[in-house]
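Participant: I am attaching a structure below and will ask some questions about it afterwards.
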Amino acid sequence: MATIDHLIVAATSLDEGIAWCERHLGIRPLPGGVHTRYGTHNHLLRLNSVAHPKAYLEIIAIDPSAEYSSDARRRRWFDLDSPLLQEQLRLEGPQLIHWVASVPVISQAAEDWRQLGIEVGPSIEASRASQAGMLRWSITVRDDGQRPFAGVVPTLIEWGDLHPSESLNRSPITLVSLSLQHPEPLKIRDALALIGIDDVMVSAGPAALLADFMLEDGSIACIRHVDLM
């Protein structure tokens, strides 16, 4: 069955994303790596979750040192080439823009969703080096780089032998809940039910994501993002 794999916080720069994490969650994320294929880089923070034991938070930004040329046929993932999203990040700071669900067989999950009218894109092979070794995974990415349903429907991922959480320190940050909002809540509920995720709440309204985290001192940090795209 599927699980929440990770939540994605985008920033105009990795330094800004790191500072956001320290300010809102009280902890500094660890260096992740670079994604040569999409010209991005990241930092990661492992999350505590009984239901989703490998869940983590990803801080991602465009890598200014990457040799990457975006065009209509080659867009960065997660809408990072969108001028509207970049302007939103510039004006409002780092934001929770998306999430990723881990599935055992990505081709089957993607096809099941196509039958519902949800197109998450083809499955591509990706990899990057990590402290634990080479990470390899398959991930759905639309050719236009857009997040499905404005980021409310998750990207699908199928990991190889290693998972990035295995090389991350256990953190005092607990993922309490993830809630979604969209004008088509029934379709999203059906999609999540098909892959076996039943603890993510979905309600009607403008596209939005809301994550609650319990911090080390027991307080709750509510991170909300309303998509303007």
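Going by the structure tokens order, chains are called A, B, ..., each with residues numbered from 1, while ligands are numbered from 1 in the order shown.
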Going by DSSP on the backbone, which bits of stretch 86-154 of chain A are strand (DSSP E)? Write them as a ChimeraX atom specification, please.
Facilitator: /A:95-102,123-130,133-140
Participant: Skip stretch 3-10 of chain A itself and residues of its chain fewer than 2 positions away, then list as a list in words all residues within 6 Å of it, counting only C-alpha atoms.
Facilitator: His52, Ala55, Tyr56, Leu57, Glu58, Ile59, Ile60, Ala61, Pro94, Gln95, Leu96, Ile97, His98, Trp99, Val100, Ala101 and Ser102 of chain A
Participant: Taking 4 positions as the minimum chain separation for residues in the same chain, which residues sit within 12 Å of A:Asp199 when counting only C-alpha atoms? Answer as a list in words.
Facilitator: Ala2, Thr3, Ile4, Ser49, Val50, Ala51, His52, Val176, Ser177, Leu178, Ser179, Leu180, Arg189, Leu192, Ala193 and Ile195 of chain A
Participant: Taking C-alpha atoms for each residue, export the selection above as a PDB file, in the first residue's frame.
Facilitator:
```pdb
ATOM      1  CA  ALA A   2       1.081   3.581  -0.586  1.00  0.00           C
ATOM      2  CA  THR A   3       2.475   5.881   2.103  1.00  0.00           C
ATOM      3  CA  ILE A   4       3.322   9.549   2.377  1.00  0.00           C
ATOM      4  CA  SER A  49       5.244   9.218  11.761  1.00  0.00           C
ATOM      5  CA  VAL A  50       3.933   5.837  12.844  1.00  0.00           C
ATOM      6  CA  ALA A  51       1.728   5.480   9.771  1.00  0.00           C
ATOM      7  CA  HIS A  52       4.399   6.772   7.370  1.00  0.00           C
ATOM      8  CA  VAL A 176       0.706  15.013  12.817  1.00  0.00           C
ATOM      9  CA  SER A 177      -1.514  15.315   9.762  1.00  0.00           C
ATOM     10  CA  LEU A 178      -1.728  16.265   6.114  1.00  0.00           C
ATOM     11  CA  SER A 179      -4.952  17.778   4.775  1.00  0.00           C
ATOM     12  CA  LEU A 180      -5.890  18.658   1.216  1.00  0.00           C
ATOM     13  CA  ARG A 189     -10.482  10.854  -2.422  1.00  0.00           C
ATOM     14  CA  LEU A 192      -6.005   8.163  -2.741  1.00  0.00           C
ATOM     15  CA  ALA A 193      -8.279   5.206  -1.930  1.00  0.00           C
ATOM     16  CA  ILE A 195      -3.446   3.446  -3.747  1.00  0.00           C
TER      17      ILE A 195
END
```
Participant: Using only C-alpha atoms for the distances, tell me which of A:Val120, A:Met1, A:Leu175, A:Val200 is nearest to A:Asp212.
Facilitator: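 Under the stated criterion, the closest residue is A:Leu175.
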Participant: For atom CA of A:Pro183 and atom CA of A:Pro206, quote the distance in Å rounded to one decimal.
Facilitator: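 Distance reported for this atom pair: 5.9 Å.
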Participant: Could you name the residues that touch stretch 220-228 of chain A at 6 Å or less, counting only C-alpha atoms, but leaving out those on the same chain fewer than 4 positions away, as a VMD selection string?
Facilitator: chain A and resid 96 207 to 214
Participant: For the residues in that selection, give me C-alpha atoms as a tab-separated table (two decimals), in the first residue's frame.
Facilitator:
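Result written to again.tsv:
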```tsv
chain	number	residue	atom	x	y	z
A	96	LEU	CA	4.69	23.86	1.03
A	207	ALA	CA	-6.51	24.16	-4.07
A	208	ALA	CA	-4.56	24.07	-0.81
A	209	LEU	CA	-2.29	21.93	1.35
A	210	LEU	CA	-2.14	22.01	5.15
A	211	ALA	CA	0.41	20.10	7.23
A	212	ASP	CA	0.53	20.05	11.03
A	213	PHE	CA	3.83	19.29	12.75
A	214	MET	CA	4.50	18.70	16.43
```
Participant: For each of A:Thr12, A:Thr140, A:Ser107, A:Thr155, take the minimum atom-to-atom distance to A:Gly121, counting only C-alpha atoms, then give the residue where this is smallest.
Facilitator: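 The closest residue to A:Gly121 is A:Thr140.
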Participant: What's the separation between atom CA of A:Leu194 and atom CA of A:Ile139, in Å to one decimal place?
Facilitator: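 Between these atoms lies a distance of 17.8 Å.
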Participant: Write out as a list in words the residues lying within 8 Å of A:Pro172, counting only C-alpha atoms and excluding same-chain residues fewer than 2 positions away.
Facilitator: Leu47, Asn48, Arg170, Thr174, Leu215 and Glu216 of chain A
Participant: Quick one: write out the picked residues with C-alpha atoms as a short mmCIF file (atom, residue, chain, number, x, y, z; two decimals), in the first residue's frame?
Facilitator:
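And here's out.cif as it stands now:
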```cif
data_model
loop_
_atom_site.label_atom_id
_atom_site.label_comp_id
_atom_site.auth_asym_id
_atom_site.auth_seq_id
_atom_site.Cartn_x
_atom_site.Cartn_y
_atom_site.Cartn_z
CA LEU A 47 9.85 13.24 10.12
CA ASN A 48 8.40 11.05 12.84
CA ARG A 170 15.93 10.87 13.57
CA THR A 174 6.41 14.69 14.09
CA LEU A 215 7.74 20.38 17.45
CA GLU A 216 10.27 19.30 20.04
#
```
